$ cat target-v8.txt   # compact mmCIF, C-alpha atoms
# COMPACT_ATOMS: atom_id res chain seq x y z
CA MET L 1 5.32 -8.23 162.00
CA HIS L 2 5.12 -10.54 158.98
CA GLU L 3 6.14 -7.82 156.54
CA LEU L 4 9.40 -9.65 155.85
CA SER L 5 7.60 -12.76 154.65
CA ILE L 6 5.25 -10.62 152.54
CA ALA L 7 8.29 -8.81 151.08
CA THR L 8 9.90 -12.18 150.32
CA GLN L 9 6.78 -13.28 148.44
CA LEU L 10 6.76 -9.97 146.56
CA VAL L 11 10.36 -10.55 145.49
CA LYS L 12 9.44 -14.00 144.17
CA VAL L 13 6.58 -12.65 142.07
CA VAL L 14 8.54 -9.66 140.78
CA THR L 15 11.53 -11.87 139.90
CA ARG L 16 9.20 -14.13 137.93
CA VAL L 17 7.76 -11.15 136.02
CA LYS L 18 11.26 -9.84 135.29
CA GLU L 19 12.36 -13.21 133.91
CA GLU L 20 9.19 -13.84 131.92
CA ASN L 21 9.69 -10.51 130.18
CA SER L 22 13.49 -10.85 129.86
CA ALA L 23 13.74 -7.43 131.50
CA ASP L 24 17.02 -5.90 132.63
CA ARG L 25 15.67 -3.81 135.45
CA VAL L 26 12.60 -3.39 137.57
CA GLY L 27 11.32 0.05 138.47
CA LEU L 28 8.22 0.81 140.44
CA VAL L 29 6.19 -2.07 141.87
CA THR L 30 2.65 -0.99 142.75
CA VAL L 31 1.02 -2.96 145.53
CA ASP L 32 -2.44 -2.68 147.05
CA ILE L 33 -2.55 -3.12 150.81
CA GLY L 34 -5.90 -3.13 152.55
CA LEU L 35 -6.18 -1.36 155.87
CA LEU L 36 -7.51 -4.62 157.28
CA ALA L 37 -4.56 -6.66 156.02
CA GLY L 38 -2.55 -6.02 159.17
CA ILE L 39 0.47 -4.84 157.20
CA ASP L 40 2.56 -1.88 158.25
CA ARG L 41 3.40 -0.04 155.05
CA GLU L 42 6.63 1.56 156.24
CA SER L 43 7.91 -1.76 157.48
CA LEU L 44 7.01 -3.50 154.21
CA ASP L 45 8.84 -0.80 152.28
CA PHE L 46 11.88 -1.16 154.53
CA CYS L 47 11.92 -4.97 154.20
CA PHE L 48 11.59 -4.84 150.41
CA GLU L 49 14.48 -2.37 150.06
CA ALA L 50 16.62 -4.43 152.45
CA ILE L 51 16.19 -7.77 150.72
CA THR L 52 16.54 -6.49 147.16
CA LYS L 53 19.78 -4.62 147.82
CA GLY L 54 22.66 -6.21 145.94
CA THR L 55 20.30 -8.53 144.01
CA PRO L 56 19.02 -8.38 140.41
CA LEU L 57 16.03 -6.46 141.79
CA GLU L 58 18.13 -3.65 143.21
CA GLY L 59 16.63 -0.36 142.12
CA ALA L 60 13.07 -1.62 142.34
CA HIS L 61 10.85 0.39 144.65
CA LEU L 62 7.47 -0.19 146.14
CA LYS L 63 4.58 2.13 145.60
CA ILE L 64 2.14 1.16 148.29
CA GLU L 65 -1.48 2.05 147.67
CA GLU L 66 -3.69 1.95 150.72
CA VAL L 67 -7.07 0.32 150.17
CA LYS L 68 -9.87 1.53 152.41
CA PRO L 69 -12.23 -1.02 153.91
CA VAL L 70 -15.62 -0.68 152.25
CA GLY L 71 -18.74 -2.42 153.46
CA LYS L 72 -22.08 -2.93 151.70
CA CYS L 73 -25.18 -3.14 153.83
CA ARG L 74 -27.45 -6.08 153.04
CA LYS L 75 -30.45 -4.30 154.52
CA CYS L 76 -30.40 -0.85 152.91
CA GLY L 77 -27.77 -1.34 150.21
CA GLU L 78 -25.55 1.49 151.45
CA GLU L 79 -21.88 1.25 150.43
CA TYR L 80 -19.71 2.82 153.08
CA GLU L 81 -16.15 3.17 154.28
CA VAL L 82 -16.13 1.33 157.58
CA ARG L 83 -14.93 2.85 160.80
CA LEU L 84 -12.27 0.48 162.01
CA ASP L 85 -13.74 0.20 165.51
CA ASP L 86 -17.32 -0.27 164.36
CA PHE L 87 -18.32 -1.82 161.06
CA THR L 88 -22.05 -1.20 161.56
CA CYS L 89 -23.87 0.42 158.60
CA PRO L 90 -23.86 4.19 159.27
CA ALA L 91 -27.07 4.70 157.27
CA CYS L 92 -29.43 2.24 158.96
CA GLY L 93 -27.42 0.81 161.87
CA SER L 94 -27.67 -2.74 160.50
CA ARG L 95 -24.99 -5.27 161.31
CA ASP L 96 -25.80 -7.35 158.29
CA PHE L 97 -23.17 -6.35 155.76
CA ASP L 98 -20.60 -7.70 153.33
CA MET L 99 -17.05 -6.45 153.07
CA LEU L 100 -16.17 -5.35 149.55
CA SER L 101 -12.56 -4.46 150.19
CA GLY L 102 -9.93 -3.82 152.82
CA SER L 103 -8.11 -7.14 153.28
CA GLU L 104 -6.12 -7.26 150.06
CA ILE L 105 -2.38 -7.81 149.78
CA SER L 106 -1.80 -7.80 146.05
CA ILE L 107 0.58 -6.65 143.34
CA ARG L 108 -1.14 -4.39 140.89
CA GLU L 109 1.59 -3.51 138.44
CA VAL L 110 5.30 -3.97 137.81
CA GLU L 111 7.35 -1.48 135.81
CA ILE L 112 10.15 -3.18 133.88
CA GLU L 113 12.94 -1.81 131.76
CA SER L 114 14.80 -3.54 128.94
CA GLU L 115 17.76 -2.45 126.85
CA GLU L 116 16.62 -2.07 123.29
CA GLU L 117 18.01 -4.65 120.96
CA GLY L 118 20.33 -3.86 118.07
CA MET K 1 18.23 3.37 124.76
CA SER K 2 16.07 1.43 127.10
CA GLN K 3 12.44 0.58 126.92
CA LYS K 4 10.06 0.89 129.78
CA LYS K 5 6.94 -1.19 130.11
CA LYS K 6 4.30 -1.72 132.72
CA VAL K 7 3.09 -5.22 133.42
CA ASP K 8 -0.46 -5.37 134.71
CA LEU K 9 -0.56 -8.10 137.31
CA ARG K 10 -3.35 -7.88 139.88
CA GLU K 11 -2.01 -10.90 141.69
CA LYS K 12 -2.44 -11.81 145.33
CA VAL K 13 0.88 -11.86 147.13
CA LEU K 14 0.03 -14.87 149.27
CA THR K 15 -1.10 -17.00 146.32
CA ALA K 16 1.49 -19.67 147.17
CA ASN K 17 0.18 -20.05 150.72
CA ASP K 18 -3.44 -19.84 149.60
CA GLU K 19 -2.86 -22.62 147.09
CA ILE K 20 -1.43 -24.99 149.74
CA ALA K 21 -4.28 -24.00 152.08
CA ARG K 22 -6.78 -24.88 149.36
CA LYS K 23 -5.19 -28.32 148.96
CA ASN K 24 -5.19 -28.82 152.73
CA ARG K 25 -8.88 -27.88 152.85
CA GLU K 26 -9.65 -30.32 150.05
CA LYS K 27 -7.88 -33.18 151.87
CA PHE K 28 -9.64 -32.36 155.13
CA ALA K 29 -12.99 -32.25 153.33
CA ASP K 30 -12.40 -35.70 151.82
CA ALA K 31 -11.39 -37.16 155.16
CA GLY K 32 -14.19 -35.41 157.05
CA THR K 33 -11.64 -33.79 159.35
CA LEU K 34 -12.74 -30.67 161.21
CA VAL K 35 -9.86 -28.21 161.55
CA LEU K 36 -9.71 -25.35 164.03
CA ASN K 37 -7.12 -22.58 163.96
CA LEU K 38 -6.86 -21.03 167.42
CA VAL K 39 -5.62 -17.45 167.49
CA SER K 40 -5.14 -14.98 170.33
CA SER K 41 -2.64 -12.83 172.18
CA PRO K 42 0.02 -14.78 174.09
CA GLY K 43 -1.45 -15.98 177.38
CA SER K 44 -5.16 -15.94 176.55
CA GLY K 45 -5.56 -19.62 177.32
CA LYS K 46 -5.30 -21.41 173.98
CA THR K 47 -3.40 -24.37 175.39
CA ALA K 48 -5.70 -24.66 178.41
CA LEU K 49 -8.79 -24.65 176.18
CA ILE K 50 -7.22 -27.32 173.98
CA GLU K 51 -6.45 -29.47 177.03
CA GLU K 52 -10.07 -29.31 178.18
CA THR K 53 -11.38 -29.93 174.67
CA VAL K 54 -9.12 -32.94 174.23
CA LYS K 55 -10.14 -34.37 177.63
CA ALA K 56 -13.80 -34.12 176.71
CA LEU K 57 -13.57 -35.50 173.18
CA LYS K 58 -10.60 -37.88 172.97
CA ASP K 59 -12.56 -41.04 173.77
CA GLU K 60 -14.89 -40.58 170.86
CA TYR K 61 -12.80 -38.73 168.33
CA ARG K 62 -9.33 -39.09 166.85
CA ILE K 63 -7.61 -35.80 167.61
CA PHE K 64 -4.35 -34.31 166.43
CA VAL K 65 -2.95 -31.07 167.82
CA VAL K 66 -0.38 -28.81 166.18
CA THR K 67 1.00 -26.04 168.36
CA GLY K 68 3.15 -23.13 167.26
CA ASP K 69 5.56 -21.09 169.31
CA LEU K 70 8.84 -19.37 168.68
CA MET K 71 10.68 -21.66 171.08
CA THR K 72 10.17 -24.70 173.35
CA GLU K 73 8.01 -27.78 173.05
CA ASN K 74 6.15 -27.01 176.28
CA ASP K 75 2.68 -26.74 174.79
CA ALA K 76 2.84 -29.97 172.79
CA LYS K 77 4.09 -31.78 175.90
CA ARG K 78 1.26 -30.32 177.97
CA ILE K 79 -1.31 -31.54 175.46
CA ALA K 80 0.30 -34.94 174.81
CA ARG K 81 -0.06 -35.74 178.53
CA HIS K 82 -3.75 -36.22 177.85
CA GLY K 83 -3.05 -39.10 175.51
CA VAL K 84 -3.50 -37.46 172.12
CA GLU K 85 -0.92 -36.90 169.45
CA ALA K 86 0.53 -33.39 169.57
CA VAL K 87 3.40 -31.88 167.63
CA GLN K 88 5.13 -28.60 168.20
CA ILE K 89 6.19 -26.29 165.43
CA SER K 90 9.00 -24.13 166.74
CA THR K 91 8.92 -21.28 164.30
CA GLY K 92 12.20 -19.76 165.48
CA ASP K 93 11.42 -16.21 164.52
CA ALA K 94 8.26 -16.49 162.45
CA CYS K 95 5.24 -14.83 163.99
CA HIS K 96 2.61 -17.10 162.43
CA LEU K 97 2.05 -20.60 161.08
CA ASP K 98 1.53 -21.06 157.36
CA ALA K 99 -0.27 -23.69 155.29
CA ARG K 100 2.94 -25.49 154.33
CA MET K 101 3.95 -26.06 157.98
CA VAL K 102 0.58 -27.60 158.75
CA ASP K 103 0.68 -29.79 155.65
CA ALA K 104 4.19 -31.00 156.51
CA ARG K 105 3.12 -32.10 160.00
CA LEU K 106 0.05 -33.91 158.74
CA SER K 107 1.10 -35.45 155.44
CA ASP K 108 3.02 -38.36 157.00
CA LYS K 109 0.11 -39.32 159.24
CA GLY K 110 -1.56 -42.41 157.90
CA ALA K 111 -4.91 -42.55 159.66
CA PRO K 112 -7.19 -39.60 159.16
CA PHE K 113 -8.21 -37.58 162.17
CA ASP K 114 -11.68 -36.40 163.10
CA LEU K 115 -10.42 -33.20 164.64
CA VAL K 116 -7.24 -31.23 164.07
CA ILE K 117 -6.63 -28.32 166.39
CA VAL K 118 -3.97 -25.86 165.35
CA GLU K 119 -2.74 -23.59 168.10
CA ASN K 120 -1.26 -20.63 166.27
CA VAL K 121 1.57 -18.45 167.55
CA GLY K 122 0.22 -16.01 170.15
CA ASN K 123 -0.14 -12.93 167.98
CA LEU K 124 -3.22 -10.95 167.02
CA VAL K 125 -1.80 -9.55 163.79
CA CYS K 126 0.01 -11.87 161.40
CA PRO K 127 -1.93 -15.16 161.66
CA ALA K 128 -4.97 -13.29 160.27
CA SER K 129 -3.36 -13.20 156.82
CA TYR K 130 -2.45 -16.88 156.59
CA ASP K 131 -5.10 -19.39 155.62
CA LEU K 132 -4.06 -22.85 156.81
CA GLY K 133 -6.97 -24.70 155.23
CA GLU K 134 -8.92 -24.64 158.50
CA ASP K 135 -12.70 -24.73 158.78
CA PHE K 136 -12.58 -21.64 160.93
CA LYS K 137 -10.39 -19.49 163.09
CA VAL K 138 -11.32 -19.40 166.74
CA LEU K 139 -10.36 -16.14 168.40
CA LEU K 140 -9.73 -16.21 172.15
CA VAL K 141 -9.91 -13.09 174.29
CA ALA K 142 -9.32 -13.50 178.01
CA VAL K 143 -11.08 -11.60 180.75
CA GLY K 144 -8.68 -8.95 181.99
CA GLU K 145 -6.65 -8.49 178.83
CA GLY K 146 -8.66 -5.41 177.87
CA ASP K 147 -12.33 -5.46 176.87
CA ASP K 148 -11.53 -3.33 173.82
CA LYS K 149 -9.06 -5.91 172.45
CA PRO K 150 -11.39 -6.79 169.54
CA VAL K 151 -11.61 -3.20 168.29
CA LYS K 152 -7.84 -2.81 168.58
CA TYR K 153 -7.25 -5.75 166.24
CA PRO K 154 -10.13 -5.67 163.74
CA PRO K 155 -8.39 -7.72 161.00
CA MET K 156 -8.19 -10.74 163.30
CA VAL K 157 -11.82 -10.37 164.35
CA ARG K 158 -12.85 -10.18 160.70
CA ALA K 159 -10.83 -13.32 159.93
CA SER K 160 -12.42 -15.34 162.76
CA GLU K 161 -15.78 -17.06 162.87
CA VAL K 162 -15.81 -17.98 166.53
CA LEU K 163 -15.01 -15.95 169.63
CA VAL K 164 -14.25 -17.69 172.91
CA ILE K 165 -14.02 -15.40 175.91
CA THR K 166 -11.79 -17.23 178.37
CA LYS K 167 -10.93 -17.02 182.09
CA THR K 168 -14.45 -15.92 183.07
CA ASP K 169 -13.66 -17.04 186.64
CA LEU K 170 -11.50 -13.91 186.88
CA VAL K 171 -14.43 -11.52 186.41
CA PRO K 172 -14.83 -10.75 190.16
CA TYR K 173 -11.18 -9.71 190.40
CA THR K 174 -11.08 -7.37 187.42
CA ASP K 175 -13.06 -4.53 185.85
CA SER K 176 -13.54 -6.73 182.82
CA ASP K 177 -17.02 -7.57 181.51
CA PRO K 178 -17.41 -10.46 179.04
CA ALA K 179 -20.54 -8.80 177.63
CA ARG K 180 -18.46 -5.77 176.69
CA ILE K 181 -15.79 -7.91 175.01
CA LYS K 182 -18.52 -9.64 173.03
CA GLU K 183 -20.21 -6.37 172.06
CA ASN K 184 -16.91 -4.92 170.84
CA ALA K 185 -16.25 -8.01 168.72
CA LEU K 186 -19.75 -8.01 167.24
CA LYS K 187 -19.27 -4.43 166.03
CA ILE K 188 -16.52 -5.76 163.77
CA ARG K 189 -18.02 -9.13 162.90
CA PRO K 190 -21.71 -9.47 163.76
CA ASP K 191 -22.06 -13.12 162.78
CA LEU K 192 -19.45 -14.41 165.27
CA GLU K 193 -20.40 -17.53 167.18
CA THR K 194 -19.52 -16.68 170.79
CA PHE K 195 -18.73 -18.69 173.91
CA GLN K 196 -17.70 -17.78 177.44
CA VAL K 197 -15.60 -20.34 179.26
CA SER K 198 -13.51 -20.94 182.33
CA VAL K 199 -11.33 -24.03 182.54
CA LYS K 200 -11.34 -23.66 186.33
CA THR K 201 -15.03 -23.57 187.26
CA PRO K 202 -15.67 -25.06 184.42
CA GLU K 203 -18.30 -22.65 183.13
CA GLY K 204 -19.26 -22.83 179.46
CA LEU K 205 -17.06 -25.79 178.55
CA ASP K 206 -20.00 -28.12 177.93
CA GLU K 207 -21.58 -25.61 175.62
CA TRP K 208 -18.30 -25.25 173.70
CA THR K 209 -17.69 -29.00 173.35
CA SER K 210 -21.32 -29.73 172.40
CA TRP K 211 -21.11 -27.15 169.68
CA LEU K 212 -17.83 -28.68 168.46
CA VAL K 213 -19.44 -32.11 168.38
CA SER K 214 -22.26 -30.76 166.22
CA ARG K 215 -19.67 -29.31 163.83
CA LEU K 216 -17.70 -32.59 163.85
CA LYS K 217 -20.84 -34.51 162.88
CA ALA K 218 -21.74 -32.01 160.18
CA LYS K 219 -18.26 -32.26 158.68
CA LYS K 220 -18.40 -36.06 158.61
CA LYS K 221 -21.80 -35.99 156.97
CA THR K 222 -20.60 -33.60 154.27
CA ALA K 223 -17.57 -35.85 153.61
CA GLN K 224 -19.77 -38.91 153.18
CA SER K 225 -21.90 -37.20 150.57
CA ARG K 226 -18.91 -36.02 148.54
$ encode --input "target-v8.txt" --output "structure tokens"
Amino acid sequence: MHELSIATQLVKVVTRVKEENSADRVGLVTVDIGLLAGIDRESLDFCFEAITKGTPLEGAHLKIEEVKPVGKCRKCGEEYEVRLDDFTCPACGSRDFDMLSGSEISIREVEIESEEEG
Amino acid sequence: MSQKKKVDLREKVLTANDEIARKNREKFADAGTLVLNLVSSPGSGKTALIEETVKALKDEYRIFVVTGDLMTENDAKRIARHGVEAVQISTGDACHLDARMVDARLSDKGAPFDLVIVENVGNLVCPASYDLGEDFKVLLVAVGEGDDKPVKYPPMVRASEVLVITKTDLVPYTDSDPARIKENALKIRPDLETFQVSVKTPEGLDEWTSWLVSRLKAKKKTAQSR
């Protein structure tokens, strides 16, 4: 439901990158979205397209990479992809674990295009 | 001819919010202010729990309450009746509170508070992503709203440190079992501090407020040694 505000933040960051690099166009924007981030990927894509239309970022597209939630058991050391309804370590049944990934909302890479000088 | 280039970024999207939240947390740490961020579905009893908390603690602690809803000032009015300062953030269409909103409501307050309670917008999805600078998120799940609520919304359970199961007086009238709600939540976050309360009977409220008092004292102590 907050995909629009996430998309707005994305636009801010991408605009900054475009300006810093004096780029003319932005292509693919790769973002990492954890399955535990509570972000609907289709909706984020839709919001990003909608708010960049008719702006200097028109033509930029999101490439959304899904990041699986991975836990690491503190008891037996097992690294495992968590089941979303039960984070318990599948190897030893321990509930003492750390989360290594799954909550991220981050921009990995921005593809920019500049007209060659001269 | 045009030139294509890839810029490696690896940047968090919510950096701007996180930065304000960090500053909020720093200010609260200096002042020894304990900050709770209450999250739940609409209607789980956040406002009622705040009212009871305020009644129990207002004589000894300076309390400030920030409540968020899309529309109306009803909740802030309900809480202000108990003689504590309460402000409403009417988000209009936003589904969550962010760190800037909280900072804006608190920055013009002269005297520091001992306890700030933020009642987030009733929503089990979006508020999970927004750090406000709180000490911890308190997740409320009411008896009767579905004992599997925690496993349906794992990101919010992961983001919370405390679970309060509310409306336990309704147990005889429903198929709901607080033990099952708790068990489902612990599968997602095993180190949750859990409470079971009813504002009607008033089961569990003493336990909740005593625990809060211990956290209030701990926060003050940490601030003094900074």
$ interface_residues --input "target-v8.txt" --of "chain L" --to "chain K" --cutoff "6 Å" --atoms "all atoms listed in the file" --output "JSON, numbers by chain"
{"L": [2, 36, 38, 85, 86, 87, 95, 105, 106, 107, 108, 109, 110, 111, 112, 113, 114, 115, 116]}
$ atom_distance --input "target-v8.txt" --atom1 "CA of Arg74 (chain L)" --atom2 "CA of Asp96 (chain L)"
5.6 Å
$ atom_distance --input "target-v8.txt" --atom1 "CA of Val65 (chain K)" --atom2 "CA of Glu119 (chain K)"
7.5 Å
$ closest_residue --input "target-v8.txt" --among "K:Val157, K:Leu192, K:Ile165, K:Leu140" --to "Ser40 (chain K)" --atoms "all atoms listed in the file"
K:Leu140
$ residues_around --input "target-v8.txt" --residues "Thr67 (chain K)" --least-positions-apart "2" --cutoff "10 Å" --atoms "only C-alpha atoms" --output "list in words"
Asn37, Leu38, Lys46, Thr47, Val65, Asp69, Glu73, Asn74, Asp75, Ala76, Lys77, Ile79, Ala86, Val87, Gln88, Ile89, Ser90, Leu97, Val102, Ile117, Val118, Glu119, Asn120 and Val121 of chain K
$ residues_near_point --input "target-v8.txt" --point "(-19.1, -35.6, 156.0)" --cutoff "10 Å" --atoms "all atoms listed in the file" --output "PyMOL selection string"
chain K and resi 29-34+216-226
$ atom_distance --input "target-v8.txt" --atom1 "CA of Glu58 (chain L)" --atom2 "CA of Asp24 (chain L)"
10.9 Å
$ closest_residue --input "target-v8.txt" --among "K:Val84, K:Val116, K:Leu163, K:Leu205" --to "Val35 (chain K)" --atoms "all atoms listed in the file"
K:Val116
$ residues_around --input "target-v8.txt" --residues "Leu170 (chain K)" --least-positions-apart "4" --cutoff "12 Å" --atoms "only C-alpha atoms" --output "list in words"
Ala142, Val143, Gly144, Glu145, Ile165, Thr166, Thr174, Asp175, Ser176, Asp177, Pro178, Gln196, Val197, Ser198, Val199, Lys200, Thr201 and Glu203 of chain K
$ residues_around --input "target-v8.txt" --residues "Gly102 (chain L)" --least-positions-apart "2" --cutoff "7 Å" --atoms "all atoms listed in the file" --output "mmCIF file with C-alpha atoms, in the frame of the given file"
data_model
loop_
_atom_site.group_PDB
_atom_site.id
_atom_site.type_symbol
_atom_site.label_atom_id
_atom_site.label_comp_id
_atom_site.auth_asym_id
_atom_site.auth_seq_id
_atom_site.Cartn_x
_atom_site.Cartn_y
_atom_site.Cartn_z
ATOM 1 C CA GLY L 34 -5.900 -3.130 152.550
ATOM 2 C CA LEU L 35 -6.180 -1.360 155.870
ATOM 3 C CA LEU L 36 -7.510 -4.620 157.280
ATOM 4 C CA ALA L 37 -4.560 -6.660 156.020
ATOM 5 C CA VAL L 67 -7.070 0.320 150.170
ATOM 6 C CA LYS L 68 -9.870 1.530 152.410
ATOM 7 C CA PRO L 69 -12.230 -1.020 153.910
ATOM 8 C CA VAL L 70 -15.620 -0.680 152.250
ATOM 9 C CA GLU L 104 -6.120 -7.260 150.060
#
$ build_atoms --input "target-v8.txt" --residues "region 1-17 of chain L" --atoms "N, CA and C atoms" --output "PDB file, keeping the file's coordinate frame"
ATOM      1  N   MET L   1       4.208  -7.395 161.559  1.00  0.00           N
ATOM      2  CA  MET L   1       5.320  -8.230 162.000  1.00  0.00           C
ATOM      3  C   MET L   1       5.713  -9.260 160.944  1.00  0.00           C
ATOM      4  N   HIS L   2       4.777  -9.567 160.008  1.00  0.00           N
ATOM      5  CA  HIS L   2       5.120 -10.540 158.980  1.00  0.00           C
ATOM      6  C   HIS L   2       5.441  -9.838 157.658  1.00  0.00           C
ATOM      7  N   GLU L   3       5.814  -8.568 157.749  1.00  0.00           N
ATOM      8  CA  GLU L   3       6.140  -7.820 156.540  1.00  0.00           C
ATOM      9  C   GLU L   3       7.300  -8.445 155.783  1.00  0.00           C
ATOM     10  N   LEU L   4       8.252  -9.040 156.524  1.00  0.00           N
ATOM     11  CA  LEU L   4       9.400  -9.650 155.850  1.00  0.00           C
ATOM     12  C   LEU L   4       8.952 -10.825 154.975  1.00  0.00           C
ATOM     13  N   SER L   5       8.022 -11.636 155.492  1.00  0.00           N
ATOM     14  CA  SER L   5       7.600 -12.760 154.650  1.00  0.00           C
ATOM     15  C   SER L   5       6.747 -12.273 153.480  1.00  0.00           C
ATOM     16  N   ILE L   6       5.999 -11.193 153.668  1.00  0.00           N
ATOM     17  CA  ILE L   6       5.250 -10.620 152.540  1.00  0.00           C
ATOM     18  C   ILE L   6       6.240 -10.065 151.513  1.00  0.00           C
ATOM     19  N   ALA L   7       7.281  -9.368 151.991  1.00  0.00           N
ATOM     20  CA  ALA L   7       8.290  -8.810 151.080  1.00  0.00           C
ATOM     21  C   ALA L   7       8.986  -9.925 150.305  1.00  0.00           C
ATOM     22  N   THR L   8       9.244 -11.044 150.976  1.00  0.00           N
ATOM     23  CA  THR L   8       9.900 -12.180 150.320  1.00  0.00           C
ATOM     24  C   THR L   8       9.020 -12.735 149.203  1.00  0.00           C
ATOM     25  N   GLN L   9       7.713 -12.823 149.473  1.00  0.00           N
ATOM     26  CA  GLN L   9       6.780 -13.280 148.440  1.00  0.00           C
ATOM     27  C   GLN L   9       6.742 -12.293 147.268  1.00  0.00           C
ATOM     28  N   LEU L  10       6.761 -11.003 147.603  1.00  0.00           N
ATOM     29  CA  LEU L  10       6.760  -9.970 146.560  1.00  0.00           C
ATOM     30  C   LEU L  10       7.971 -10.150 145.646  1.00  0.00           C
ATOM     31  N   VAL L  11       9.130 -10.376 146.261  1.00  0.00           N
ATOM     32  CA  VAL L  11      10.360 -10.550 145.490  1.00  0.00           C
ATOM     33  C   VAL L  11      10.220 -11.735 144.538  1.00  0.00           C
ATOM     34  N   LYS L  12       9.622 -12.822 145.021  1.00  0.00           N
ATOM     35  CA  LYS L  12       9.440 -14.000 144.170  1.00  0.00           C
ATOM     36  C   LYS L  12       8.595 -13.669 142.932  1.00  0.00           C
ATOM     37  N   VAL L  13       7.475 -12.974 143.177  1.00  0.00           N
ATOM     38  CA  VAL L  13       6.580 -12.650 142.070  1.00  0.00           C
ATOM     39  C   VAL L  13       7.254 -11.684 141.094  1.00  0.00           C
ATOM     40  N   VAL L  14       7.911 -10.669 141.634  1.00  0.00           N
ATOM     41  CA  VAL L  14       8.540  -9.660 140.780  1.00  0.00           C
ATOM     42  C   VAL L  14       9.691 -10.282 139.976  1.00  0.00           C
ATOM     43  N   THR L  15      10.441 -11.175 140.599  1.00  0.00           N
ATOM     44  CA  THR L  15      11.530 -11.870 139.900  1.00  0.00           C
ATOM     45  C   THR L  15      10.965 -12.683 138.736  1.00  0.00           C
ATOM     46  N   ARG L  16       9.845 -13.346 138.978  1.00  0.00           N
ATOM     47  CA  ARG L  16       9.200 -14.130 137.930  1.00  0.00           C
ATOM     48  C   ARG L  16       8.795 -13.237 136.750  1.00  0.00           C
ATOM     49  N   VAL L  17       8.198 -12.083 137.070  1.00  0.00           N
ATOM     50  CA  VAL L  17       7.760 -11.150 136.020  1.00  0.00           C
ATOM     51  C   VAL L  17       8.966 -10.650 135.231  1.00  0.00           C
TER      52      VAL L  17
END
